[in-house]
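Trainee: Just so it is clear, I am handing over protein-v4.cif, which has mmCIF, C-alpha atoms.
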```cif
data_protein
#
loop_
_atom_site.label_atom_id
_atom_site.label_comp_id
_atom_site.auth_asym_id
_atom_site.auth_seq_id
_atom_site.Cartn_x
_atom_site.Cartn_y
_atom_site.Cartn_z
CA MET A 353 -12.08 -15.73 -15.28
CA ALA A 354 -12.77 -12.47 -13.43
CA LEU A 355 -15.19 -12.62 -10.54
CA TRP A 356 -15.18 -8.92 -9.69
CA GLY A 357 -12.86 -5.93 -9.58
CA ARG A 358 -11.90 -3.08 -7.27
CA PHE A 359 -9.79 0.05 -7.39
CA SER A 360 -7.34 0.36 -4.52
CA GLY A 361 -8.16 3.99 -3.66
CA LYS A 362 -8.32 4.67 0.08
CA GLY A 363 -9.64 8.23 0.00
CA THR A 364 -6.14 9.75 0.06
CA THR A 365 -5.44 10.01 -3.68
CA LEU A 366 -3.56 13.13 -4.79
CA LYS A 367 -5.59 15.33 -7.15
CA ASP A 368 -3.00 15.32 -9.94
CA GLN A 369 -1.90 11.71 -9.53
CA TYR A 370 -2.87 9.83 -12.65
CA ASN A 371 -2.27 6.21 -11.73
CA ALA A 372 -4.34 3.52 -10.09
CA ASP A 373 -4.15 -0.12 -9.09
CA LEU A 374 -6.95 -2.26 -10.51
CA VAL A 375 -7.44 -5.43 -8.48
CA ILE A 376 -9.05 -8.32 -10.36
CA PHE A 377 -10.49 -11.06 -8.14
CA LEU A 378 -10.27 -14.41 -9.88
CA ALA A 379 -12.85 -17.17 -9.99
CA ASN A 380 -12.14 -20.89 -9.62
CA LEU A 381 -9.06 -20.57 -7.42
CA GLN A 382 -8.75 -22.87 -4.42
CA SER A 383 -5.63 -21.49 -2.76
CA PHE A 384 -3.19 -18.60 -2.66
CA GLN A 385 -0.66 -20.72 -4.54
CA ASP A 386 -3.17 -21.18 -7.39
CA GLN A 387 -2.89 -17.43 -7.88
CA ILE A 388 0.85 -17.79 -8.45
CA LEU A 389 0.64 -20.92 -10.60
CA ARG A 390 -1.97 -19.45 -12.96
CA ARG A 391 -1.08 -15.75 -12.99
CA GLU A 392 0.70 -15.85 -16.36
CA GLU A 393 -2.38 -17.50 -17.87
CA PHE A 394 -4.67 -14.82 -16.43
CA ILE A 395 -2.40 -11.94 -17.44
CA ARG A 396 -2.34 -13.31 -20.99
CA GLU A 397 -6.14 -13.43 -21.07
CA ILE A 398 -6.50 -9.90 -19.68
CA ARG A 399 -4.02 -8.61 -22.27
CA GLN A 400 -6.07 -10.23 -25.06
CA ASP A 401 -9.27 -8.63 -23.73
CA LEU A 402 -7.57 -5.23 -23.61
CA GLU A 403 -6.41 -5.65 -27.21
CA VAL A 404 -9.99 -6.34 -28.28
CA PHE A 405 -11.17 -3.25 -26.37
CA ARG A 406 -8.44 -1.14 -28.00
CA ARG A 407 -9.40 -2.23 -31.51
CA CYS A 408 -13.12 -1.68 -30.92
CA THR A 409 -12.84 1.75 -29.30
CA LYS A 410 -12.83 4.91 -31.37
CA ALA A 411 -9.65 6.94 -30.92
CA ASP A 412 -11.63 10.16 -30.47
CA ILE A 413 -13.21 8.67 -27.34
CA PHE A 414 -10.46 6.66 -25.67
CA GLU A 415 -6.94 5.69 -26.54
CA LEU A 416 -5.53 2.63 -24.82
CA LYS A 417 -1.86 1.67 -24.86
CA ILE A 418 -0.67 -1.56 -23.27
CA LYS A 419 2.82 -1.16 -21.86
CA ALA A 420 5.55 -3.56 -22.96
CA GLN A 421 5.82 -6.56 -20.70
CA ASP A 422 9.01 -7.18 -18.77
CA SER A 423 10.20 -10.69 -19.63
CA SER A 424 11.67 -11.05 -16.14
CA ASN A 425 8.29 -10.19 -14.57
CA PRO A 426 5.64 -11.62 -16.94
CA TRP A 427 2.79 -11.50 -14.40
CA VAL A 428 2.75 -7.69 -14.20
CA LEU A 429 0.47 -5.84 -16.62
CA SER A 430 0.14 -2.07 -16.99
CA PHE A 431 -1.77 0.01 -19.50
CA LEU A 432 -2.34 3.71 -20.25
CA LEU A 433 -5.76 5.21 -20.88
CA SER A 434 -6.24 8.69 -22.31
CA SER A 435 -8.84 10.72 -24.16
CA PRO A 436 -8.48 13.67 -26.56
CA ARG A 437 -11.31 15.26 -24.61
CA PHE A 438 -9.00 15.58 -21.59
CA ILE A 439 -5.67 16.70 -22.99
CA GLY A 440 -2.67 15.78 -20.84
CA ALA A 441 -4.66 13.51 -18.53
CA THR A 442 -3.28 10.01 -19.10
CA VAL A 443 -4.11 7.46 -16.43
CA GLU A 444 -1.80 4.50 -15.84
CA PHE A 445 -3.44 1.35 -14.51
CA ASN A 446 -1.53 -1.48 -12.87
CA VAL A 447 -3.46 -4.74 -12.95
CA LEU A 448 -3.17 -6.81 -9.76
CA LEU A 449 -4.52 -10.35 -9.52
CA ALA A 450 -6.15 -11.67 -6.35
CA PHE A 451 -7.54 -14.90 -4.93
CA ASP A 452 -11.02 -14.06 -3.58
CA VAL A 453 -10.27 -15.41 -0.12
CA LEU A 454 -12.75 -13.10 1.64
CA GLY A 455 -15.64 -14.66 -0.23
CA HIS A 456 -16.81 -12.06 -2.78
CA ARG A 457 -17.96 -9.58 -0.17
CA SER A 458 -16.72 -6.67 1.87
CA ILE A 459 -15.94 -7.28 5.52
CA PRO A 460 -17.98 -4.90 7.74
CA ALA A 461 -15.90 -2.11 9.27
CA ALA A 462 -13.64 -3.28 12.11
CA LYS A 463 -14.94 -6.87 11.86
CA GLN A 464 -12.21 -9.50 11.85
CA PRO A 465 -12.24 -12.14 9.11
CA ASP A 466 -12.33 -15.79 10.12
CA PRO A 467 -8.89 -16.63 11.63
CA LYS A 468 -8.83 -19.70 9.35
CA ILE A 469 -8.19 -17.34 6.44
CA TYR A 470 -5.00 -16.04 8.03
CA ILE A 471 -3.92 -19.50 9.16
CA LYS A 472 -4.27 -20.70 5.56
CA LEU A 473 -2.33 -17.64 4.34
CA ILE A 474 0.47 -18.12 6.86
CA GLU A 475 0.81 -21.85 6.19
CA GLU A 476 0.95 -21.42 2.41
CA CYS A 477 3.29 -18.44 2.52
CA THR A 478 5.78 -19.98 4.94
CA SER A 479 5.89 -23.31 3.10
CA GLN A 480 6.35 -21.68 -0.32
CA GLN A 481 8.34 -18.59 0.79
CA THR A 482 5.75 -16.24 -0.69
CA GLU A 483 5.20 -13.92 2.28
CA GLY A 484 3.74 -10.57 1.30
CA GLU A 485 2.79 -11.64 -2.23
CA PHE A 486 -0.95 -11.77 -1.59
CA SER A 487 -1.69 -8.33 -0.16
CA SER A 488 -4.00 -7.60 -3.11
CA CYS A 489 -6.36 -10.29 -1.77
CA PHE A 490 -7.00 -8.07 1.25
CA ILE A 491 -7.45 -4.76 -0.58
CA GLU A 492 -10.94 -4.23 0.88
CA LEU A 493 -9.54 -4.40 4.41
CA GLN A 494 -6.64 -2.10 3.52
CA LYS A 495 -9.08 0.45 2.12
CA ASP A 496 -11.34 0.17 5.16
CA PHE A 497 -8.40 0.63 7.53
CA VAL A 498 -7.47 3.99 6.00
CA LYS A 499 -10.93 5.25 5.06
CA ARG A 500 -12.22 5.07 8.63
CA ARG A 501 -9.66 7.65 9.79
CA PRO A 502 -10.78 11.27 10.29
CA ALA A 503 -10.65 13.64 7.32
CA LYS A 504 -7.73 15.59 8.78
CA VAL A 505 -5.65 12.41 9.10
CA LYS A 506 -6.28 11.74 5.41
CA ARG A 507 -5.07 15.26 4.63
CA LEU A 508 -1.89 14.52 6.58
CA ILE A 509 -1.48 11.30 4.60
CA ARG A 510 -1.85 13.26 1.36
CA LEU A 511 0.80 15.72 2.56
CA VAL A 512 3.20 12.85 3.29
CA LYS A 513 2.41 11.27 -0.08
CA ARG A 514 3.12 14.58 -1.83
CA TRP A 515 6.48 14.76 -0.06
CA TYR A 516 7.16 11.14 -1.04
CA GLN A 517 6.48 11.94 -4.70
CA LEU A 518 8.96 14.82 -4.56
CA CYS A 519 11.54 12.49 -3.03
CA LYS A 520 10.87 9.92 -5.73
CA GLU A 521 11.37 12.50 -8.47
CA LYS A 522 14.68 13.53 -6.93
CA LEU A 523 16.06 10.19 -5.74
CA GLY A 524 14.43 7.74 -8.13
CA SER A 525 14.05 4.12 -7.11
CA PRO A 526 14.34 2.14 -4.97
CA LEU A 527 12.50 3.70 -2.03
CA PRO A 528 10.20 2.22 0.63
CA LEU A 529 6.67 1.53 -0.58
CA GLN A 530 4.28 4.48 -0.43
CA TYR A 531 1.78 2.35 1.50
CA ALA A 532 4.39 1.99 4.25
CA LEU A 533 4.41 5.77 4.69
CA GLU A 534 0.60 5.86 4.79
CA LEU A 535 0.67 3.35 7.64
CA LEU A 536 3.49 5.23 9.35
CA THR A 537 1.38 8.40 9.26
CA ILE A 538 -1.55 6.61 10.90
CA TYR A 539 0.84 5.14 13.48
CA ALA A 540 2.14 8.63 14.31
CA TRP A 541 -1.38 10.02 14.66
CA GLU A 542 -2.51 7.13 16.88
CA SER A 543 0.55 7.61 19.09
CA ARG A 544 -0.52 11.20 19.55
CA SER A 545 -3.82 9.87 21.06
CA GLY A 546 -5.88 9.54 17.88
CA ARG A 547 -7.78 12.82 18.19
CA SER A 548 -9.18 14.51 15.11
CA HIS A 549 -7.82 17.95 16.06
CA PHE A 550 -4.06 18.31 15.73
CA ASN A 551 -1.33 20.50 14.26
CA MET A 552 -0.50 19.37 10.70
CA ALA A 553 3.07 20.66 10.93
CA GLN A 554 3.65 18.66 14.10
CA GLY A 555 2.26 15.58 12.40
CA PHE A 556 4.43 16.02 9.33
CA LYS A 557 7.53 16.58 11.45
CA THR A 558 6.73 13.45 13.47
CA VAL A 559 6.51 11.31 10.33
CA LEU A 560 9.85 12.65 9.07
CA GLU A 561 11.45 11.87 12.43
CA LEU A 562 10.03 8.34 12.36
CA ILE A 563 11.57 7.83 8.93
CA MET A 564 14.91 9.11 10.23
CA GLY A 565 14.67 6.58 13.07
CA TYR A 566 13.74 3.70 10.77
CA GLN A 567 16.26 1.37 12.45
CA GLN A 568 14.05 1.31 15.57
CA LEU A 569 10.65 1.16 13.86
CA SER A 570 8.22 -1.58 14.85
CA SER A 571 4.50 -1.07 14.26
CA TYR A 572 1.52 -3.37 13.91
CA TRP A 573 -2.25 -3.29 14.37
CA MET A 574 -4.76 -5.78 15.78
CA GLU A 575 -7.91 -4.80 13.88
CA TYR A 576 -8.22 -7.75 11.50
CA TYR A 577 -5.99 -10.32 13.21
CA ASP A 578 -4.60 -10.64 16.73
CA PHE A 579 -2.69 -12.89 19.14
CA ALA A 580 -5.71 -14.97 20.21
CA ASN A 581 -5.07 -17.90 17.87
CA PRO A 582 -1.84 -19.78 18.78
CA LYS A 583 -0.73 -20.27 15.15
CA ILE A 584 -1.27 -16.63 14.28
CA ARG A 585 0.34 -15.51 17.55
CA ASP A 586 3.50 -17.55 16.97
CA TYR A 587 3.80 -16.21 13.45
CA LEU A 588 3.29 -12.59 14.54
CA ILE A 589 5.98 -12.97 17.19
CA SER A 590 8.40 -14.24 14.55
CA GLN A 591 7.51 -11.30 12.30
CA LEU A 592 8.08 -8.77 15.07
CA ARG A 593 11.49 -10.28 15.81
CA LYS A 594 12.74 -9.51 12.32
CA PRO A 595 15.35 -6.76 11.81
CA ARG A 596 13.94 -3.24 11.89
CA PRO A 597 12.12 -1.55 10.33
CA VAL A 598 9.02 -3.71 10.82
CA ILE A 599 5.69 -2.29 9.62
CA LEU A 600 3.11 -5.07 9.40
CA ASP A 601 0.26 -4.64 6.94
CA PRO A 602 -2.86 -4.38 9.15
CA ALA A 603 -4.76 -6.53 6.64
CA ASP A 604 -2.02 -9.08 5.84
CA PRO A 605 0.25 -10.34 8.64
CA THR A 606 2.70 -11.82 6.11
CA GLY A 607 3.31 -8.38 4.62
CA ASN A 608 6.17 -6.48 6.27
CA LEU A 609 6.16 -3.07 4.61
CA GLY A 610 9.48 -2.33 6.28
CA GLY A 611 11.00 -4.64 3.69
CA SER A 612 14.33 -6.41 3.70
CA ASP A 613 16.40 -3.65 2.08
CA PRO A 614 17.43 -1.01 4.65
CA GLU A 615 19.18 0.98 1.91
CA ARG A 616 15.77 2.15 0.67
CA TRP A 617 15.04 3.61 4.10
CA ARG A 618 18.52 5.07 4.48
CA ARG A 619 18.08 7.10 1.28
CA LEU A 620 14.66 8.36 2.33
CA ALA A 621 15.88 9.09 5.87
CA GLN A 622 18.62 11.34 4.49
CA GLU A 623 16.02 13.31 2.56
CA ALA A 624 13.79 13.52 5.65
CA GLU A 625 16.70 14.94 7.63
CA ALA A 626 17.34 17.52 4.92
CA TRP A 627 13.69 18.59 4.94
CA LEU A 628 13.66 18.93 8.71
CA SER A 629 16.64 21.25 8.49
CA TYR A 630 14.65 23.79 6.47
CA LEU A 631 11.08 22.96 7.42
CA CYS A 632 9.26 26.29 7.53
CA VAL A 633 6.31 26.80 9.84
CA PRO A 634 4.68 30.25 9.67
CA GLY A 635 5.32 32.15 12.87
CA GLU A 636 7.37 29.34 14.42
CA ASN A 637 10.92 28.10 14.44
CA SER A 638 10.73 24.49 13.22
CA SER A 639 13.45 23.46 15.67
CA HIS A 640 11.07 24.43 18.49
CA LEU A 641 8.06 22.76 16.89
CA GLU A 642 7.33 19.84 19.16
CA SER A 643 6.72 16.53 17.42
CA TRP A 644 4.51 13.79 18.82
CA LYS A 645 6.00 11.20 21.12
CA CYS A 646 5.91 7.77 19.49
CA SER A 647 7.03 4.49 21.00
CA ARG A 648 9.09 2.60 18.46
#
```
Represent the structure of the file as structure tokens.
Mentor:
Amino acid sequence: MALWGRFSGKGTTLKDQYNADLVIFLANLQSFQDQILRREEFIREIRQDLEVFRRCTKADIFELKIKAQDSSNPWVLSFLLSSPRFIGATVEFNVLLAFDVLGHRSIPAAKQPDPKIYIKLIEECTSQQTEGEFSSCFIELQKDFVKRRPAKVKRLIRLVKRWYQLCKEKLGSPLPLQYALELLTIYAWESRSGRSHFNMAQGFKTVLELIMGYQQLSSYWMEYYDFANPKIRDYLISQLRKPRPVILDPADPTGNLGGSDPERWRRLAQEAEAWLSYLCVPGENSSHLESWKCSR
């Protein structure tokens, strides 16, 4: 069943964050829709394998607990892994299934995949109304997109992610996806000119202001797909015409991280506004701290 697996880490993981997405690339699939049609079968098989592992593993080495499955979402599988040797450190894994559309290999940095891959994706997603459901298939490109940024940009992303976790603890769900804020941070930095030397406080303030102005947000990247192919171009134009916010996944043009629920952004925008009101910058008045100019 499994062809290979990957963790979704992009080099911006928080030190005390004990959860990870485990992407399983599946063999013998011919299309994106096969992934949907057979996902319950694969999840069942993975669950059985985990049960065997749990029974065969000594409790003093590892303890594995498979989380109860939601009957309304039977293709999602999560499990907890802990060890008595590391007290309090329980890692939660979310298993994501993926059609190996990139061909069992990593795409070299900044190299675009064959446009036929995206044409196939767009055609299947638009005909079956499954846009955004196959982002896990492009996890290697997503990782590459973030990992190639300078170290200081990754630190800014971690700062934004830490803030997001605090918001999540206070507000609960639903909120925009964390990945959307990672992309928004990169967008802010690129708008600033993309230099590796910058003021972290200015960067953080800029991201908060972008969140507050979510109703005008429109961002996309042309690293792995572009407007050259007519079919891809027409689809991208239709994506960019959707109601704001629009944040296109740089690896998956069908994935709009802005989402279709503006209430998620409204709640986060209120929290961003509150943080800006008492943002403390040593030696500076935050109201006079200049943020970066970003075209939205």
Trainee: Run the PyMOL selection byres ((chain A and resi 467-472) around 8) against the file shown and list the residues it catches, as a VMD selection string.
Mentor: chain A and resid 453 to 454 464 to 466 473 to 476 577 581 583 to 584 604 to 605
Trainee: What would the selection look like, as number ranges by chain, if the PyMOL selection byres ((chain A and resi 378) around 12) were run on the coordinates I just shared?
Mentor: A: 353-358, 375-377, 379-384, 386-388, 390-391, 393-395, 397-398, 448-456, 488-489
Trainee: May I have the residues from that selection written out with C-alpha atoms, as a tab-separated table (two decimals), in the coordinates of the input?
Mentor:
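To be explicit, this is the file written out as again-v3.tsv:
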```tsv
chain	number	residue	atom	x	y	z
A	353	MET	CA	-12.08	-15.73	-15.28
A	354	ALA	CA	-12.77	-12.47	-13.43
A	355	LEU	CA	-15.19	-12.62	-10.54
A	356	TRP	CA	-15.18	-8.92	-9.69
A	357	GLY	CA	-12.86	-5.93	-9.58
A	358	ARG	CA	-11.90	-3.08	-7.27
A	375	VAL	CA	-7.44	-5.43	-8.48
A	376	ILE	CA	-9.05	-8.32	-10.36
A	377	PHE	CA	-10.49	-11.06	-8.14
A	379	ALA	CA	-12.85	-17.17	-9.99
A	380	ASN	CA	-12.14	-20.89	-9.62
A	381	LEU	CA	-9.06	-20.57	-7.42
A	382	GLN	CA	-8.75	-22.87	-4.42
A	383	SER	CA	-5.63	-21.49	-2.76
A	384	PHE	CA	-3.19	-18.60	-2.66
A	386	ASP	CA	-3.17	-21.18	-7.39
A	387	GLN	CA	-2.89	-17.43	-7.88
A	388	ILE	CA	0.85	-17.79	-8.45
A	390	ARG	CA	-1.97	-19.45	-12.96
A	391	ARG	CA	-1.08	-15.75	-12.99
A	393	GLU	CA	-2.38	-17.50	-17.87
A	394	PHE	CA	-4.67	-14.82	-16.43
A	395	ILE	CA	-2.40	-11.94	-17.44
A	397	GLU	CA	-6.14	-13.43	-21.07
A	398	ILE	CA	-6.50	-9.90	-19.68
A	448	LEU	CA	-3.17	-6.81	-9.76
A	449	LEU	CA	-4.52	-10.35	-9.52
A	450	ALA	CA	-6.15	-11.67	-6.35
A	451	PHE	CA	-7.54	-14.90	-4.93
A	452	ASP	CA	-11.02	-14.06	-3.58
A	453	VAL	CA	-10.27	-15.41	-0.12
A	454	LEU	CA	-12.75	-13.10	1.64
A	455	GLY	CA	-15.64	-14.66	-0.23
A	456	HIS	CA	-16.81	-12.06	-2.78
A	488	SER	CA	-4.00	-7.60	-3.11
A	489	CYS	CA	-6.36	-10.29	-1.77
```
Trainee: Find the residues near Gln591 (chain A): any atom within 10 Å, counting only C-alpha atoms, skip ones fewer than 2 places away on the same chain, and give them as a VMD selection string.
Mentor: chain A and resid 585 to 589 593 to 595 598 to 600 605 to 608
Trainee: Would you write out, as a PyMOL selection string, every residue that the PyMOL selection byres ((chain A and resi 513-523) around 10) captures in this file?
Mentor: chain A and resi 364-366+369+507-512+524-531+533-534+537+556+560+619-620+623-624+627
Trainee: With all atoms listed in the file as the basis for distance, which of A:Gln385, A:Ser479, A:Tyr539, A:Cys646 is at the shortest distance from Val498 (chain A)?
Mentor: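 The closest residue to Val498 (chain A) is A:Tyr539.
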Trainee: What does the structure give for the distance between CA of Asn371 (chain A) and CA of Phe490 (chain A), in Å to one decimal?
Mentor: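 Separation between CA of Asn371 (chain A) and CA of Phe490 (chain A): 19.9 Å.
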Trainee: Contacts of Gly555 (chain A) at 9 Å or less, counting all atoms listed in the file, minus same-chain residues fewer than 2 places along, as a count of residues only?
Mentor: 15
Trainee: Between CA of Pro602 (chain A) and CA of Trp573 (chain A), what is the distance, to one decimal in Å?
Mentor: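 CA of Pro602 (chain A) sits 5.4 Å away from CA of Trp573 (chain A).
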Trainee: Between CA of Ile563 (chain A) and CA of Leu609 (chain A), measure the distance and give it in Å to one decimal.
Mentor: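 CA of Leu609 (chain A) lies 12.9 Å from CA of Ile563 (chain A).
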Trainee: Considering only C-alpha atoms, can you say which of A:Phe445, A:Phe486, A:Phe497, A:Tyr566 comes closest to Ala621 (chain A)?
Mentor: A:Tyr566
Trainee: For region 591-617 of chain A, supply N, CA and C atoms and format the output as a tab-separated table (two decimals), in the coordinates of the input.
Mentor:
```
chain	number	residue	atom	x	y	z
A	591	GLN	N	7.44	-12.48	13.16
A	591	GLN	CA	7.51	-11.30	12.30
A	591	GLN	C	8.10	-10.11	13.05
A	592	LEU	N	7.64	-9.92	14.28
A	592	LEU	CA	8.08	-8.77	15.07
A	592	LEU	C	9.52	-8.89	15.54
A	593	ARG	N	10.09	-10.08	15.44
A	593	ARG	CA	11.49	-10.28	15.81
A	593	ARG	C	12.45	-10.04	14.64
A	594	LYS	N	11.90	-9.74	13.49
A	594	LYS	CA	12.74	-9.51	12.32
A	594	LYS	C	13.49	-8.18	12.47
A	595	PRO	N	14.60	-8.01	11.74
A	595	PRO	CA	15.35	-6.76	11.81
A	595	PRO	C	14.46	-5.56	11.46
A	596	ARG	N	14.69	-4.46	12.15
A	596	ARG	CA	13.94	-3.24	11.89
A	596	ARG	C	14.39	-2.63	10.55
A	597	PRO	N	13.46	-1.90	9.89
A	597	PRO	CA	12.12	-1.55	10.33
A	597	PRO	C	11.11	-2.67	10.08
A	598	VAL	N	10.14	-2.79	10.98
A	598	VAL	CA	9.02	-3.71	10.82
A	598	VAL	C	7.73	-2.90	10.83
A	599	ILE	N	7.00	-2.95	9.73
A	599	ILE	CA	5.69	-2.29	9.62
A	599	ILE	C	4.75	-3.34	9.03
A	600	LEU	N	3.98	-3.99	9.87
A	600	LEU	CA	3.11	-5.07	9.40
A	600	LEU	C	1.84	-4.50	8.76
A	601	ASP	N	1.51	-5.01	7.61
A	601	ASP	CA	0.26	-4.64	6.94
A	601	ASP	C	-0.90	-5.02	7.87
A	602	PRO	N	-1.76	-4.06	8.22
A	602	PRO	CA	-2.86	-4.38	9.15
A	602	PRO	C	-3.84	-5.40	8.58
A	603	ALA	N	-3.85	-5.58	7.26
A	603	ALA	CA	-4.76	-6.53	6.64
A	603	ALA	C	-4.10	-7.86	6.29
A	604	ASP	N	-2.77	-7.89	6.27
A	604	ASP	CA	-2.02	-9.08	5.84
A	604	ASP	C	-0.81	-9.27	6.73
A	605	PRO	N	-0.86	-10.18	7.70
A	605	PRO	CA	0.25	-10.34	8.64
A	605	PRO	C	1.55	-10.83	8.00
A	606	THR	N	1.47	-11.37	6.79
A	606	THR	CA	2.70	-11.82	6.11
A	606	THR	C	3.41	-10.66	5.41
A	607	GLY	N	2.74	-9.52	5.32
A	607	GLY	CA	3.31	-8.38	4.62
A	607	GLY	C	4.04	-7.43	5.56
A	608	ASN	N	5.36	-7.42	5.49
A	608	ASN	CA	6.17	-6.48	6.27
A	608	ASN	C	6.57	-5.34	5.35
A	609	LEU	N	5.90	-4.21	5.48
A	609	LEU	CA	6.16	-3.07	4.61
A	609	LEU	C	7.51	-2.42	4.90
A	610	GLY	N	8.13	-2.82	6.02
A	610	GLY	CA	9.48	-2.33	6.28
A	610	GLY	C	10.47	-2.87	5.28
A	611	GLY	N	10.16	-4.05	4.72
A	611	GLY	CA	11.00	-4.64	3.69
A	611	GLY	C	12.27	-5.25	4.23
A	612	SER	N	13.07	-5.76	3.32
A	612	SER	CA	14.33	-6.41	3.70
A	612	SER	C	15.54	-5.66	3.17
A	613	ASP	N	15.31	-4.44	2.64
A	613	ASP	CA	16.40	-3.65	2.08
A	613	ASP	C	16.50	-2.32	2.83
A	614	PRO	N	17.33	-2.24	3.87
A	614	PRO	CA	17.43	-1.01	4.65
A	614	PRO	C	17.98	0.17	3.86
A	615	GLU	N	18.64	-0.11	2.72
A	615	GLU	CA	19.18	0.98	1.91
A	615	GLU	C	18.07	1.89	1.40
A	616	ARG	N	16.91	1.33	1.11
A	616	ARG	CA	15.77	2.15	0.67
A	616	ARG	C	15.41	3.18	1.74
A	617	TRP	N	15.38	2.72	2.99
A	617	TRP	CA	15.04	3.61	4.10
A	617	TRP	C	16.15	4.60	4.38
```
